[in-house]
Amino acid sequence: MTDIRAHAHQYLDAWLDQLAPVCEQASPPTLRELSARFTATRGDLLGGCLKAFSEALHAHYRHQRQIDCPHCGKRLSRKRVDSKRINTLQGPLVLERPYFYCSCCKQGFHPLDQALELARGVHQYDIQEKLLRHSAELPYDLAAELVGDLVGLSLSNHVAHDTAVAVSAIADQETLIPDAADIQRRIDAAKTHPEDKPVLVAALDGAHEPTRPQAKRDEKRGPGQWKEAKGVRLYLALADNRIEHLASWHQIQDAEAMRRDLAAIAQRIPQDQVRIALLGDGAAWVWNTLTAVFPAGRPILDVYHCKQHLYAVAERLDEAADRATHWVEACLALLSEDRAETVIAGLMGRRATDPAAREAIDALITYLENQKGRLGYASAKAEGMPIGSGGIESANKFIAHVRLKRSGAWWVVENGNGMLRLRCALYNGTFDRVLEKYIKADLADRGGTIG
């Protein structure tokens, strides 16, 4: 500790020398001005202190002259000492690292890199983490600017983009979905008594996102296209309209890929310990996917989508607004009692005033015929099951739209899906696990020690 203290004092003295002119100004600086000066120079002090600790705690690697090759075991002698400039959240620093080379394995090594788990580039993992968290919420250029201001460095939007792409590439479903033990713990916490079976909601929906073809920076990208990001949200419906989020998964993909993904997620759920509500709009792919994965679940048509279809017909009817509203409410009351046949019979006997009204009535009849068995809102509510799809619609907004649907943004599908995975990890509480996997993979890719 004595050596660390001595070196830290050297950096402190040098930092104070930088601030000396401030004390000689005719007009003393304000607190804001003084704070700005501290922010601009603190990296020299903290970076120096970080270097002092790193060198002292890993002195053996700094002074090492011989080492056994980790691959073949051959005794190696130090070839040279290489300097490496790195940037950290505490500030920039330069490390001197002994270099070894094995002629048998044709590989070179910096053992200190392994001991400190240095990233291969200039920006270390602590900076990469901050860039990643900001990039998952904000455009890359703004994320780089904010983190750069935080650490007193100039960071480019390309660094933010490349970090997000690299991490999202290993952010697979296995890692970012909470594991079975975590889901079990949340289900147990939701029980009012040991034999209770909480309501687990599986809500599925699609949200269109702006995509573009892959192209180099100096090439024309071609026209953009809106593609559907299919998303599922699993949560527990608790008392007082509260929910306990379990997992979200959103990807720009087709229905079959979503079915496979959801089936993998469902394996982590103890389905015999919950009552499952399946929520969706009237889309066929939604119900085909949910019922295939959760055959014991109760399908519930989102009541607001149902209302929209009823009001679409009411607007076509030649009636006063109050009578149209009364008709919609009467239909909803019947549907809540699972009496779709009664509503359908009434529609079939309804006289249309024009072809457009007849077409709207026929469309509603077909819609209700296809949704039989997914109504019965009164009994669903009595069982504590939600009848509205606000849970998945809010997930579409906060996971997909907030980041992907920004003004002027167009995404290559692969990168858009990568960003969706990162945002799912944030909201699922598994972001740290994804980051740790990335760091381990990055170190392993270099054998942990290759400079």
# chains A, B, ... in the order shown; residues from 1 in each chain; ligands from 1
$ residues_around --residues "Gly222 of chain A" --least-positions-apart "3" --cutoff "12 Å" --atoms "only C-alpha atoms" --output "mmCIF file with C-alpha atoms, in the first residue's frame"
data_model
loop_
_atom_site.group_PDB
_atom_site.id
_atom_site.type_symbol
_atom_site.label_atom_id
_atom_site.label_comp_id
_atom_site.auth_asym_id
_atom_site.auth_seq_id
_atom_site.Cartn_x
_atom_site.Cartn_y
_atom_site.Cartn_z
ATOM 1 C CA THR A 211 -36.189 -1.569 -42.094
ATOM 2 C CA ARG A 212 -33.792 -1.066 -45.001
ATOM 3 C CA PRO A 213 -31.552 -3.281 -47.148
ATOM 4 C CA GLN A 214 -27.948 -3.934 -46.175
ATOM 5 C CA ALA A 215 -25.490 -1.662 -48.015
ATOM 6 C CA LYS A 216 -22.035 -0.173 -47.656
ATOM 7 C CA GLU A 219 -23.698 2.724 -51.702
ATOM 8 C CA GLN A 225 -39.760 -1.325 -45.918
ATOM 9 C CA TRP A 410 -34.167 2.760 -40.747
ATOM 10 C CA VAL A 412 -31.003 -3.446 -41.269
#
$ residues_around --residues "Cys105 of chain A" --least-positions-apart "2" --cutoff "9 Å" --atoms "only C-alpha atoms" --output "PyMOL selection string"
chain A and resi 69+71-72+101-103+107-108
$ closest_atom_pairs --of "segment 329-402 of chain A" --to "segment 131-155 of chain A" --cutoff "12 Å" --atoms "only C-alpha atoms" --output "JSON lines"
{"residue": "A:Phe398", "atom": "CA", "partner": "A:Glu137", "partner_atom": "CA", "distance": 9.7}
{"residue": "A:Ile399", "atom": "CA", "partner": "A:Glu137", "partner_atom": "CA", "distance": 9.4}
{"residue": "A:Ala400", "atom": "CA", "partner": "A:Glu137", "partner_atom": "CA", "distance": 10.6}
{"residue": "A:His401", "atom": "CA", "partner": "A:Glu137", "partner_atom": "CA", "distance": 10.9}
{"residue": "A:Val402", "atom": "CA", "partner": "A:Glu137", "partner_atom": "CA", "distance": 7.8}
$ write_last_selection --atoms "C-alpha atoms" --output "mmCIF file, in the first residue's frame"
data_model
loop_
_atom_site.group_PDB
_atom_site.id
_atom_site.type_symbol
_atom_site.label_atom_id
_atom_site.label_comp_id
_atom_site.auth_asym_id
_atom_site.auth_seq_id
_atom_site.Cartn_x
_atom_site.Cartn_y
_atom_site.Cartn_z
ATOM 1 C CA PHE A 398 -41.236 0.745 -24.778
ATOM 2 C CA ILE A 399 -39.147 -2.113 -26.173
ATOM 3 C CA ALA A 400 -39.596 -1.685 -29.921
ATOM 4 C CA HIS A 401 -41.011 1.697 -30.908
ATOM 5 C CA VAL A 402 -39.098 3.948 -28.498
#
$ closest_atom_pairs --of "segment 52-119 of chain A" --to "segment 437-443 of chain A" --cutoff "9 Å" --atoms "only C-alpha atoms" --output "Markdown table"
| residue | atom | partner | partner_atom | distance |
| --- | --- | --- | --- | --- |
| A:Gln114 | CA | A:Leu443 | CA | 8.1 |
| A:Glu117 | CA | A:Leu443 | CA | 7.2 |
| A:Leu118 | CA | A:Leu443 | CA | 8.2 |
| A:Ala119 | CA | A:Leu443 | CA | 7.5 |
$ atom_distance --atom1 "atom CA of Arg75 of chain A" --atom2 "atom CA of His63 of chain A"
16.3 Å
$ residues_around --residues "Ala395 of chain A" --least-positions-apart "6" --cutoff "10 Å" --atoms "only C-alpha atoms" --output "ChimeraX atom specification"
/A:203,205,231-233,248-250,401-402,424,427
$ closest_residue --among "A:Leu246, A:Ala314, A:Leu45, A:Ile187" --to "Gly91 of chain A" --atoms "only C-alpha atoms"
A:Leu45
$ residues_around --residues "Ala363 of chain A" --least-positions-apart "6" --cutoff "10 Å" --atoms "only C-alpha atoms" --output "MDAnalysis selection string"
chainID A and resid 309 313 357 369
$ closest_atom_pairs --of "segment 385-421 of chain A" --to "segment 295-303 of chain A" --cutoff "8 Å" --atoms "only C-alpha atoms" --output "JSON lines"
{"residue": "A:Ile387", "atom": "CA", "partner": "A:Asp302", "partner_atom": "CA", "distance": 5.7}
{"residue": "A:Gly388", "atom": "CA", "partner": "A:Asp302", "partner_atom": "CA", "distance": 4.8}
{"residue": "A:Ser389", "atom": "CA", "partner": "A:Asp302", "partner_atom": "CA", "distance": 5.5}
$ write_last_selection --atoms "N, CA and C atoms" --output "PDB file, in the first residue's frame"
ATOM      1  N   ILE A 387     -58.653  -8.729 -19.626  1.00  0.00           N
ATOM      2  CA  ILE A 387     -59.359  -8.842 -20.901  1.00  0.00           C
ATOM      3  C   ILE A 387     -58.849  -7.821 -21.911  1.00  0.00           C
ATOM      4  N   GLY A 388     -57.863  -7.030 -21.517  1.00  0.00           N
ATOM      5  CA  GLY A 388     -57.265  -6.035 -22.409  1.00  0.00           C
ATOM      6  C   GLY A 388     -55.800  -6.344 -22.652  1.00  0.00           C
ATOM      7  N   SER A 389     -55.323  -5.989 -23.829  1.00  0.00           N
ATOM      8  CA  SER A 389     -53.948  -6.310 -24.212  1.00  0.00           C
ATOM      9  C   SER A 389     -52.978  -5.161 -23.983  1.00  0.00           C
TER      10      SER A 389
END
$ atom_distance --atom1 "atom CA of Asp281 of chain A" --atom2 "atom CA of Leu420 of chain A"
22.1 Å
$ atom_distance --atom1 "atom CA of Pro178 of chain A" --atom2 "atom CA of Arg259 of chain A"
18.4 Å
$ closest_residue --among "A:Ala36, A:Ile4, A:Leu89, A:Leu262" --to "Glu174 of chain A" --atoms "only C-alpha atoms"
A:Leu262
$ residues_around --residues "Gly429 of chain A" --least-positions-apart "6" --cutoff "12 Å" --atoms "only C-alpha atoms" --output "ChimeraX atom specification"
/A:175-179,182-183,245-248,422-423,435
$ select_by_dssp --residues "segment 204-430 of chain A" --states "strand (DSSP E or B)" --output "PyMOL selection string"
chain A and resi 204-211+225-237+243-252+275-280+298-301+411
$ write_last_selection --atoms "N, CA and C atoms" --output "tab-separated table (two decimals), in the first residue's frame"
chain	number	residue	atom	x	y	z
A	204	LEU	N	-49.47	-11.76	-27.09
A	204	LEU	CA	-48.71	-11.77	-28.34
A	204	LEU	C	-49.28	-10.72	-29.28
A	205	ASP	N	-48.38	-10.01	-29.97
A	205	ASP	CA	-48.84	-8.96	-30.88
A	205	ASP	C	-47.71	-8.65	-31.86
A	206	GLY	N	-48.05	-7.90	-32.90
A	206	GLY	CA	-47.05	-7.47	-33.88
A	206	GLY	C	-46.98	-5.96	-33.93
A	207	ALA	N	-45.80	-5.44	-34.24
A	207	ALA	CA	-45.60	-4.00	-34.34
A	207	ALA	C	-44.67	-3.73	-35.52
A	208	HIS	N	-45.08	-2.88	-36.43
A	208	HIS	CA	-44.30	-2.63	-37.63
A	208	HIS	C	-43.15	-1.66	-37.35
A	209	GLU	N	-41.97	-2.03	-37.87
A	209	GLU	CA	-40.77	-1.24	-37.65
A	209	GLU	C	-40.12	-0.92	-39.00
A	210	PRO	N	-39.39	0.21	-39.07
A	210	PRO	CA	-38.77	0.63	-40.34
A	210	PRO	C	-37.47	-0.13	-40.61
A	211	THR	N	-37.39	-0.82	-41.73
A	211	THR	CA	-36.19	-1.57	-42.09
A	211	THR	C	-35.68	-1.11	-43.45
A	225	GLN	N	-38.56	-0.49	-45.96
A	225	GLN	CA	-39.76	-1.33	-45.92
A	225	GLN	C	-40.16	-1.52	-44.46
A	226	TRP	N	-41.45	-1.42	-44.19
A	226	TRP	CA	-41.95	-1.66	-42.85
A	226	TRP	C	-42.18	-3.16	-42.66
A	227	LYS	N	-41.55	-3.71	-41.63
A	227	LYS	CA	-41.70	-5.14	-41.34
A	227	LYS	C	-42.18	-5.31	-39.90
A	228	GLU	N	-42.89	-6.40	-39.68
A	228	GLU	CA	-43.51	-6.63	-38.38
A	228	GLU	C	-42.54	-7.28	-37.40
A	229	ALA	N	-42.37	-6.62	-36.27
A	229	ALA	CA	-41.64	-7.22	-35.15
A	229	ALA	C	-42.68	-7.93	-34.28
A	230	LYS	N	-42.57	-9.22	-34.22
A	230	LYS	CA	-43.52	-9.99	-33.41
A	230	LYS	C	-42.99	-10.06	-31.98
A	231	GLY	N	-43.85	-9.72	-31.04
A	231	GLY	CA	-43.42	-9.68	-29.64
A	231	GLY	C	-44.36	-10.43	-28.72
A	232	VAL	N	-43.78	-11.05	-27.71
A	232	VAL	CA	-44.56	-11.72	-26.69
A	232	VAL	C	-44.14	-11.18	-25.33
A	233	ARG	N	-45.11	-11.04	-24.46
A	233	ARG	CA	-44.82	-10.63	-23.09
A	233	ARG	C	-45.51	-11.59	-22.14
A	234	LEU	N	-44.75	-12.10	-21.18
A	234	LEU	CA	-45.28	-12.99	-20.16
A	234	LEU	C	-45.25	-12.24	-18.83
A	235	TYR	N	-46.39	-12.23	-18.15
A	235	TYR	CA	-46.45	-11.55	-16.86
A	235	TYR	C	-47.52	-12.17	-15.98
A	236	LEU	N	-47.42	-11.93	-14.68
A	236	LEU	CA	-48.40	-12.40	-13.72
A	236	LEU	C	-49.41	-11.30	-13.46
A	237	ALA	N	-50.69	-11.63	-13.53
A	237	ALA	CA	-51.76	-10.67	-13.24
A	237	ALA	C	-52.05	-10.73	-11.73
A	243	ILE	N	-49.25	-5.89	-12.22
A	243	ILE	CA	-48.66	-7.01	-12.93
A	243	ILE	C	-47.22	-7.21	-12.47
A	244	GLU	N	-46.74	-8.44	-12.60
A	244	GLU	CA	-45.35	-8.79	-12.32
A	244	GLU	C	-44.74	-9.28	-13.62
A	245	HIS	N	-43.87	-8.46	-14.20
A	245	HIS	CA	-43.26	-8.82	-15.48
A	245	HIS	C	-42.35	-10.03	-15.33
A	246	LEU	N	-42.46	-10.95	-16.27
A	246	LEU	CA	-41.58	-12.12	-16.28
A	246	LEU	C	-40.58	-12.06	-17.42
A	247	ALA	N	-41.05	-11.88	-18.63
A	247	ALA	CA	-40.14	-11.89	-19.77
A	247	ALA	C	-40.80	-11.28	-21.00
A	248	SER	N	-39.97	-10.62	-21.81
A	248	SER	CA	-40.40	-10.12	-23.12
A	248	SER	C	-39.42	-10.61	-24.17
A	249	TRP	N	-39.94	-10.86	-25.35
A	249	TRP	CA	-39.12	-11.29	-26.48
A	249	TRP	C	-39.70	-10.71	-27.75
A	250	HIS	N	-38.94	-9.88	-28.44
A	250	HIS	CA	-39.40	-9.21	-29.66
A	250	HIS	C	-38.36	-9.40	-30.75
A	251	GLN	N	-38.80	-9.81	-31.94
A	251	GLN	CA	-37.92	-9.97	-33.08
A	251	GLN	C	-38.69	-9.73	-34.37
A	252	ILE	N	-37.99	-9.19	-35.36
A	252	ILE	CA	-38.56	-9.05	-36.70
A	252	ILE	C	-38.41	-10.41	-37.37
A	275	ARG	N	-52.49	-20.54	-13.79
A	275	ARG	CA	-53.62	-20.52	-14.72
A	275	ARG	C	-53.23	-19.57	-15.85
A	276	ILE	N	-53.28	-20.06	-17.07
A	276	ILE	CA	-52.71	-19.31	-18.19
A	276	ILE	C	-53.81	-18.63	-19.00
A	277	ALA	N	-53.66	-17.31	-19.15
A	277	ALA	CA	-54.55	-16.52	-20.00
A	277	ALA	C	-53.78	-16.15	-21.26
A	278	LEU	N	-54.39	-16.39	-22.42
A	278	LEU	CA	-53.77	-16.07	-23.71
A	278	LEU	C	-54.47	-14.85	-24.28
A	279	LEU	N	-53.74	-13.76	-24.43
A	279	LEU	CA	-54.33	-12.50	-24.88
A	279	LEU	C	-53.81	-12.12	-26.26
A	280	GLY	N	-54.72	-11.71	-27.13
A	280	GLY	CA	-54.32	-11.27	-28.46
A	280	GLY	C	-55.46	-10.59	-29.17
A	298	ARG	N	-56.31	-20.28	-21.59
A	298	ARG	CA	-57.63	-19.78	-22.00
A	298	ARG	C	-57.45	-18.60	-22.93
A	299	PRO	N	-57.85	-18.72	-24.21
A	299	PRO	CA	-57.71	-17.59	-25.14
A	299	PRO	C	-58.74	-16.51	-24.86
A	300	ILE	N	-58.29	-15.26	-24.85
A	300	ILE	CA	-59.16	-14.11	-24.58
A	300	ILE	C	-58.90	-13.05	-25.63
A	301	LEU	N	-59.92	-12.73	-26.41
A	301	LEU	CA	-59.81	-11.68	-27.41
A	301	LEU	C	-59.74	-10.32	-26.71
A	411	TRP	N	-33.57	0.50	-40.15
A	411	TRP	CA	-32.70	-0.53	-39.60
A	411	TRP	C	-32.49	-1.69	-40.56
$ residues_around --residues "His60 of chain A" --least-positions-apart "5" --cutoff "10 Å" --atoms "only C-alpha atoms" --output "PyMOL selection string"
chain A and resi 55+65+111-112
$ write_last_selection --atoms "N, CA and C atoms" --output "PDB file, in the first residue's frame"
ATOM      1  N   GLU A  55      -0.779  -1.477 -11.308  1.00  0.00           N
ATOM      2  CA  GLU A  55       0.621  -1.886 -11.368  1.00  0.00           C
ATOM      3  C   GLU A  55       1.093  -2.506 -10.062  1.00  0.00           C
ATOM      4  N   ARG A  65       9.878 -12.133 -16.353  1.00  0.00           N
ATOM      5  CA  ARG A  65      10.883 -12.323 -17.392  1.00  0.00           C
ATOM      6  C   ARG A  65      10.767 -13.686 -18.065  1.00  0.00           C
ATOM      7  N   PRO A 111       0.818 -11.439 -20.622  1.00  0.00           N
ATOM      8  CA  PRO A 111       0.150 -12.005 -19.440  1.00  0.00           C
ATOM      9  C   PRO A 111      -0.598 -10.975 -18.602  1.00  0.00           C
ATOM     10  N   LEU A 112      -0.109  -9.738 -18.586  1.00  0.00           N
ATOM     11  CA  LEU A 112      -0.799  -8.713 -17.800  1.00  0.00           C
ATOM     12  C   LEU A 112      -2.192  -8.432 -18.359  1.00  0.00           C
TER      13      LEU A 112
END
$ closest_residue --among "A:Arg78, A:Arg323, A:Arg62, A:His7" --to "Leu46 of chain A" --atoms "only C-alpha atoms"
A:His7
$ closest_residue --among "A:Asp338, A:Leu76, A:Arg42, A:Pro29" --to "Leu16 of chain A" --atoms "only C-alpha atoms"
A:Arg42
$ residues_around --residues "segment 340-353 of chain A" --least-positions-apart "6" --cutoff "8 Å" --atoms "only C-alpha atoms" --output "number ranges by chain"
A: 317-318, 331, 334, 361-362, 365, 368-369, 372, 375
